[in-house]
Structures are given as structure tokens and as C-alpha cells.
Amino acid sequence: LSRLRRTEPSVRSFIHVADAAAEREAEDLDRRIATEGQDAVGPLAGVLVGVKDNLCTANMPSTGGSRILDGYRPAYDATAVRRLREAGAIVVGKTNLDEFGMGSTTEGSGFQITKNPWDDSRVPGGSSGGSASAVSARQCVVSLGSDTGGSVRQPASFCGVVGLKPTYGRVSRFGLMAYASSLDVVGCFGSSVFDTAAILSVIAGTDKMDSTSSSHDVLDYKSELVPLDLLESKPLSGMRIGIIQQTLGEGVETGVISSIKDAASHLEQLGSVVEEVSLPSFSLGLPAYYILASSEASSNLSRYDGIRYGRQVSADDLNELYGGSRANGLGHEVKMRILMGTYALSAGYYDAYYKRAQQVRTLVKKSFKEALDRYDILVSPAAPSAAYKIGEKTNDPLAMYAGDIMTVNVNLAGLPALVVPCGFVEGGSAGLPVGLQMIGSPFSEGNLLRVGHIFE
Ligand code: GLN
């Protein structure tokens, strides 16, 4: 907590800090342990978690990074948050994000700009930038984020922490403010694979409040990890790993490519067979993603009408009320996405955009399935570059969208993916971290975490 208080004025990971409440909760836990013993408290007793502000938290502000929800306090916890609290974790605050998850730098927050702890002139990535920077700056132990097109994995890479995007449906979305419901997942950050595994075991599982949550068995993911001192020399022998060819070409920083190649040879030294694999539909994923995500967003965001949640504006009639609250409450990027999505879904354009994007989604799924029939894990960079400068891409949305090329396909296919730090490129005073993305078949989180842990 003292570290959080010291670093927060410069890093600005949190929209809302609940440090005093966290301190009281920790003291309560101490008392319970003293009187009833360690077994009386949950497995995460006292672990400080940061929660992305698009996850609802009872009695704490939950803004989704949007001014339209300024002052909104939900009456309930998101399921992932409730499960963490039941396990004894303490929510220390709500982390900053691009408004409703739409962005890749966290500069799109309606409240503040978060700095990358490795170099405060650079972005932490996004949209879960506050959750990534909070773990990176050790302001909390672990954090929750959401990943619709890369929002856990890219900031994990930019901030040098571990980030997990679970299989679609692995973690309940109840209480997550919907961006694109067919792509959204709740994910988590840790400074180690072990911490990330510990959190997943608690938040994963079916939930009657989310009909798309899966009843697939939840493992104790921590116990999947081989203790480091028991490693034989070739712990990955028998494993087949494919490097996605399309991710190491044009437009990718050379330092990123060499970090990924070094990581691949390390995986080989650990006993796995590493080969290049081509995913022919890879480059189609980005345009398809932006059509589908915007289309779903244009429908999901209609609930922000200025009546049900957040700040009220005064108006003489209904249209003025809607118009006034949306004009003032929503930011530029969100308005642009709503317009793009509405356009793609409108009669006359639907077949040319939405329907074709859905067809591409089917192709992307199929090509991943074929590759994952031949390889246990596919690897790629998590982003084409390391963290870039604040302001560098704010006036060029297409350049920012292009930075999502490594991650969006995974959401289209609903697959799990883990990002672990794997190298550095030059920049800042100590270098800038680069993340390795490891992609697996549905519900193979245990295997991804095991390999990530050995690799770590
Ligand atoms: N950057 C992507 C977007 O803006 C992904 C965001 C996310 O995963 N929430 O849509």
C-alpha cells in the first residue's frame, strides 16, 4: 500500500484508489487469522488486486473509463470480482482504461493518462493499461483486465508483466461492461505465471448469470506448474510449437523479431520441436475484427442513454436528453466506433461488411484449428513494437488499429493465449520489454501456463 501511495501520483494507474478501505480489510483479516487460524480465511487472503474499471464493483465507482458513467456505483460485484473477494483478496482500486475498452494505449480514458512504469514518456498499452502498469509498478500483486482484441496481452507486453486471455467463456462476463459480447473475456495480470495461475483458478468456472460461461472443468492451475527445482534438462520434449510465419515480417520491429526468435530457440533447448507455420487468413483478421467489434459495440452501447446510469443532464425532451448526455458523456473514439458499427449493420451495407466479416471469422477459426491439430502451441509477438510514445498515434487511429494485428485473431477464434516477457529492445533508461504470445486450443490454459512457467 505504501508503494502504491508513493508511485500513483506519477504512474496514474488507478481511476479510484480504495487504499484506506483496503487497509481496514487487511486488519480485519489479521484479526480473524489471530483468533480463528489461517484456515478461516481464503487462499488469497490479503492479496491486493487492481480491477479494471469496466468491471462492476459494489459500492465503488465503476466508470468503464467513460464520463457518461461518472458517479455510477453498481449495486453488485462482477462475478470475477466476487470470486476473488470470497477467496480473501482485497480490491485496492479501479484501474484506468481506454473508454469502454476501445483503444490500445489507455490515452482514450475519459479521466487521465496512465504512464508506462518503464519509461514515463510512453504508453502502458491498452485498453487494460492501468491494470498492466499497476502490476508492473508493483502497486498491487495481481489485477483483472478484459480482452476483446488484445487488451490484456498487448499491455502485458508493453509493461513487462504476465497477461492471460482465457478461452472465451472460461470466466463469467457477468458484471463486465459489454464492448463486443462475442469477443469479450475477463483476463488477468501477474508479475509471475504462478500468480496468474492462482488468480485464474479462482475466477474461472461456470456462472448462472452468464449463459455463455463454460462448464468445462476448472483445474487448480498452480498445481499444473512444474516446480523449477524439479526440472529435468528437457522438460518440453514431445511438445510441438509453431511460430506463426505472418507475424515475423514487414511492419514488425527488428528487436521484437529477434526477441521472439531467441525465445523460440530457448523453447527448443527445453526439448520442444519448433517450426514455422503459415496461417493464410491471418492478415484478414484485423479488418474483420474492427467491423465485428464496432458492430457489436454500436448495439451494446445503446444502453448509455443518460437515464439509466451515471450523470443526468437537464433537457426539455427525450431527444435532447439522449443527445445531450451522449454528446458530452462519450469520447471521440467511442462515437467513431458507434458510427462505424451502425454503418456496417445498416440495410444495404450489412452483406458487404458484417456478413463478410463473419465469413472471415469462420476462416480464421478454421485455420487456427488446422494449425492447432498439428502443434500444441502457436507463438508470435504480442505486438509489432514495444511501448511507443504518449501522443505518437493519437491522431492516426488506423496506425493504432494496425498495432492489434498480433492479438485480434485469437479473439475471433475464442482461443486462450498467454503473454510472458521474453526480451528487451532499446528505449527508455533500462530498455523496453517485449512479450511472447503463446496460443493454445480451447481450455488449454493449464498447458499454456505450464510452458510459460518453465520458460520463465
Ligand atoms: N485495441 C482493440 C480495440 O480497440 C482491442 C481492445 C480490447 O481488447 N478491449 O478494439
# chains A, B, ... in the order shown; residues from 1 in each chain; ligands from 1
$ residues_near_ligand --ligand "ligand 1" --cutoff "6 Å" --atoms "only C-alpha atoms and all ligand atoms" --output "list of chain:residue names"
A:Gly101, A:Met102, A:Gly103, A:Ser104, A:Ser127, A:Asp147, A:Thr148, A:Gly149, A:Gly150, A:Ser151, A:Asp404
$ select_by_dssp --residues "region 276-336 of chain A" --states "helix (DSSP H, G or I)" --output "PyMOL selection string"
chain A and resi 282-303+318-329+332-336
$ residues_around --residues "Met336 (chain A)" --least-positions-apart "2" --cutoff "12 Å" --atoms "only C-alpha atoms" --output "compact mmCIF listing (two decimals) with N, CA and C atoms, in the first residue's frame"
# COMPACT_ATOMS: atom_id res chain seq x y z
N MET A 102 -12.10 0.56 -25.72
CA MET A 102 -11.84 0.83 -27.13
C MET A 102 -10.56 1.64 -27.31
N GLY A 103 -9.47 0.93 -27.51
CA GLY A 103 -8.21 1.61 -27.71
C GLY A 103 -7.06 0.70 -27.35
N TYR A 290 -12.37 -5.30 -36.65
CA TYR A 290 -12.86 -3.92 -36.43
C TYR A 290 -14.31 -3.74 -36.91
N SER A 294 -16.96 -3.21 -33.77
CA SER A 294 -17.72 -1.95 -33.82
C SER A 294 -19.21 -2.23 -33.95
N SER A 295 -19.57 -3.23 -34.73
CA SER A 295 -20.99 -3.56 -34.89
C SER A 295 -21.60 -3.94 -33.55
N ALA A 297 -20.46 -3.25 -30.62
CA ALA A 297 -20.41 -2.10 -29.71
C ALA A 297 -21.56 -1.15 -29.99
N SER A 298 -21.90 -0.96 -31.27
CA SER A 298 -22.95 0.02 -31.60
C SER A 298 -24.27 -0.41 -30.99
N LEU A 330 -19.73 10.79 -24.02
CA LEU A 330 -18.92 9.82 -24.76
C LEU A 330 -17.76 10.53 -25.47
N GLY A 331 -16.64 9.85 -25.54
CA GLY A 331 -15.45 10.41 -26.18
C GLY A 331 -15.44 10.16 -27.68
N HIS A 332 -14.46 10.75 -28.34
CA HIS A 332 -14.37 10.74 -29.80
C HIS A 332 -14.27 9.32 -30.37
N GLU A 333 -13.38 8.51 -29.80
CA GLU A 333 -13.16 7.16 -30.35
C GLU A 333 -14.44 6.32 -30.24
N VAL A 334 -15.12 6.44 -29.10
CA VAL A 334 -16.34 5.66 -28.90
C VAL A 334 -17.42 6.09 -29.90
N ILE A 338 -19.22 3.70 -32.75
CA ILE A 338 -20.68 3.55 -32.85
C ILE A 338 -21.12 3.86 -34.29
N LEU A 339 -20.53 4.91 -34.87
CA LEU A 339 -20.89 5.25 -36.25
C LEU A 339 -20.46 4.15 -37.23
N MET A 340 -19.22 3.65 -37.05
CA MET A 340 -18.74 2.59 -37.96
C MET A 340 -19.62 1.36 -37.84
N GLY A 341 -19.95 0.98 -36.62
CA GLY A 341 -20.74 -0.23 -36.38
C GLY A 341 -22.15 -0.08 -36.92
N THR A 342 -22.74 1.09 -36.72
CA THR A 342 -24.11 1.32 -37.20
C THR A 342 -24.13 1.25 -38.73
N TYR A 343 -23.10 1.82 -39.33
CA TYR A 343 -22.97 1.80 -40.80
C TYR A 343 -22.88 0.35 -41.30
N PRO A 397 -5.77 6.93 -36.01
CA PRO A 397 -6.43 5.73 -35.50
C PRO A 397 -6.08 4.47 -36.28
$ select_by_dssp --residues "region 185-214 of chain A" --states "strand (DSSP E)" --output "PyMOL selection string"
chain A and resi 185-190
$ residues_around --residues "Ile307 (chain A)" --least-positions-apart "3" --cutoff "10 Å" --atoms "only C-alpha atoms" --output "ChimeraX atom specification"
/A:303-304,310-313,318,321-322,325
$ write_last_selection --atoms "C-alpha atoms" --output "mmCIF file, in the first residue's frame"
data_model
loop_
_atom_site.group_PDB
_atom_site.id
_atom_site.type_symbol
_atom_site.label_atom_id
_atom_site.label_comp_id
_atom_site.auth_asym_id
_atom_site.auth_seq_id
_atom_site.Cartn_x
_atom_site.Cartn_y
_atom_site.Cartn_z
ATOM 1 C CA ARG A 303 -27.844 1.352 -23.056
ATOM 2 C CA TYR A 304 -25.933 4.548 -22.217
ATOM 3 C CA GLY A 310 -24.494 7.868 -14.429
ATOM 4 C CA ARG A 311 -24.831 11.612 -14.680
ATOM 5 C CA GLN A 312 -28.125 13.169 -15.737
ATOM 6 C CA VAL A 313 -28.299 16.217 -17.963
ATOM 7 C CA LEU A 318 -36.206 12.873 -24.789
ATOM 8 C CA LEU A 321 -31.713 14.233 -23.196
ATOM 9 C CA TYR A 322 -30.177 11.411 -25.277
ATOM 10 C CA SER A 325 -25.798 13.086 -22.448
#
$ residues_around --residues "Val410 (chain A)" --least-positions-apart "3" --cutoff "9 Å" --atoms "only C-alpha atoms" --output "ChimeraX atom specification"
/A:149-150,364-365,368,406-407,413-417,439
$ residues_around --residues "Arg67 (chain A)" --least-positions-apart "3" --cutoff "12 Å" --atoms "only C-alpha atoms" --output "VMD selection string"
chain A and resid 15 61 to 64 70 to 72 98 to 100 108 to 112 304 306 309 to 312 325 to 332 334
$ atom_distance --atom1 "CA of Arg83 (chain A)" --atom2 "CA of Val49 (chain A)"
12.1 Å
$ residues_around --residues "Ala89 (chain A)" --least-positions-apart "5" --cutoff "6 Å" --atoms "only C-alpha atoms" --output "PyMOL selection string"
chain A and resi 44-47+84
$ write_last_selection --atoms "N, CA and C atoms" --output "PDB file, in the first residue's frame"
ATOM      1  N   LEU A  44      -6.555 -16.541  -1.045  1.00  0.00           N
ATOM      2  CA  LEU A  44      -5.924 -15.293  -1.496  1.00  0.00           C
ATOM      3  C   LEU A  44      -5.991 -14.212  -0.412  1.00  0.00           C
ATOM      4  N   ALA A  45      -6.118 -14.645   0.842  1.00  0.00           N
ATOM      5  CA  ALA A  45      -6.303 -13.669   1.931  1.00  0.00           C
ATOM      6  C   ALA A  45      -5.231 -12.585   1.894  1.00  0.00           C
ATOM      7  N   GLY A  46      -5.683 -11.349   1.792  1.00  0.00           N
ATOM      8  CA  GLY A  46      -4.772 -10.211   1.862  1.00  0.00           C
ATOM      9  C   GLY A  46      -4.094  -9.851   0.562  1.00  0.00           C
ATOM     10  N   VAL A  47      -4.346 -10.601  -0.501  1.00  0.00           N
ATOM     11  CA  VAL A  47      -3.703 -10.281  -1.789  1.00  0.00           C
ATOM     12  C   VAL A  47      -4.383  -9.045  -2.387  1.00  0.00           C
ATOM     13  N   LEU A  84     -12.968 -13.398  -6.371  1.00  0.00           N
ATOM     14  CA  LEU A  84     -11.689 -13.001  -5.759  1.00  0.00           C
ATOM     15  C   LEU A  84     -11.912 -12.568  -4.314  1.00  0.00           C
TER      16      LEU A  84
END
$ atom_distance --atom1 "CA of Asp305 (chain A)" --atom2 "CA of Ala293 (chain A)"
20.1 Å
$ closest_residue --among "A:Glu25, A:Glu86, A:Asp210, A:Glu8" --to "Lys115 (chain A)" --atoms "only C-alpha atoms"
A:Glu8
$ closest_atom_pairs --of "region 361-412 of chain A" --to "region 158-168 of chain A" --cutoff "12 Å" --atoms "only C-alpha atoms" --output "CSV"
residue,atom,partner,partner_atom,distance
A:Pro381,CA,A:Phe158,CA,11.3
A:Ala382,CA,A:Phe158,CA,9.0
A:Ala383,CA,A:Phe158,CA,8.4
A:Pro384,CA,A:Phe158,CA,10.7
A:Ser385,CA,A:Phe158,CA,8.6
A:Ala386,CA,A:Phe158,CA,5.7
A:Ala387,CA,A:Phe158,CA,4.9
A:Tyr388,CA,A:Phe158,CA,8.6
A:Lys389,CA,A:Phe158,CA,11.4
A:Gly403,CA,A:Phe158,CA,11.9
A:Thr407,CA,A:Lys165,CA,10.0
A:Val408,CA,A:Lys165,CA,11.4
A:Val410,CA,A:Lys165,CA,9.2
A:Asn411,CA,A:Tyr168,CA,7.7
A:Leu412,CA,A:Tyr168,CA,9.6
$ closest_atom_pairs --of "region 37-70 of chain A" --to "region 184-195 of chain A" --cutoff "10 Å" --atoms "only C-alpha atoms" --output "CSV"
residue,atom,partner,partner_atom,distance
A:Val49,CA,A:Phe189,CA,9.7
A:Gly50,CA,A:Phe189,CA,9.4
A:Val51,CA,A:Cys188,CA,9.3
A:Lys52,CA,A:Val186,CA,9.6
A:Leu55,CA,A:Val186,CA,8.8
$ atom_distance --atom1 "CA of Ser429 (chain A)" --atom2 "CA of Glu107 (chain A)"
22.3 Å
$ closest_residue --among "A:Leu436, A:Met400, A:Val141, A:Ala197" --to "Val379 (chain A)" --atoms "only C-alpha atoms"
A:Leu436
$ closest_residue --among "A:Thr196, A:Gln358, A:Ser128, A:Gln269" --to "Ile291 (chain A)" --atoms "only C-alpha atoms"
A:Gln358
$ closest_residue --among "A:Thr394, A:Ser213, A:Gln359, A:Asn447" --to "Thr105 (chain A)" --atoms "only C-alpha atoms"
A:Thr394
$ closest_residue --among "A:Ser10, A:Ser136, A:Ser259, A:Ser265" --to "Glu426 (chain A)" --atoms "only C-alpha atoms"
A:Ser259
$ closest_residue --among "A:Lys355, A:Leu200, A:Lys366, A:Ala371" --to "Glu275 (chain A)" --atoms "only C-alpha atoms"
A:Ala371
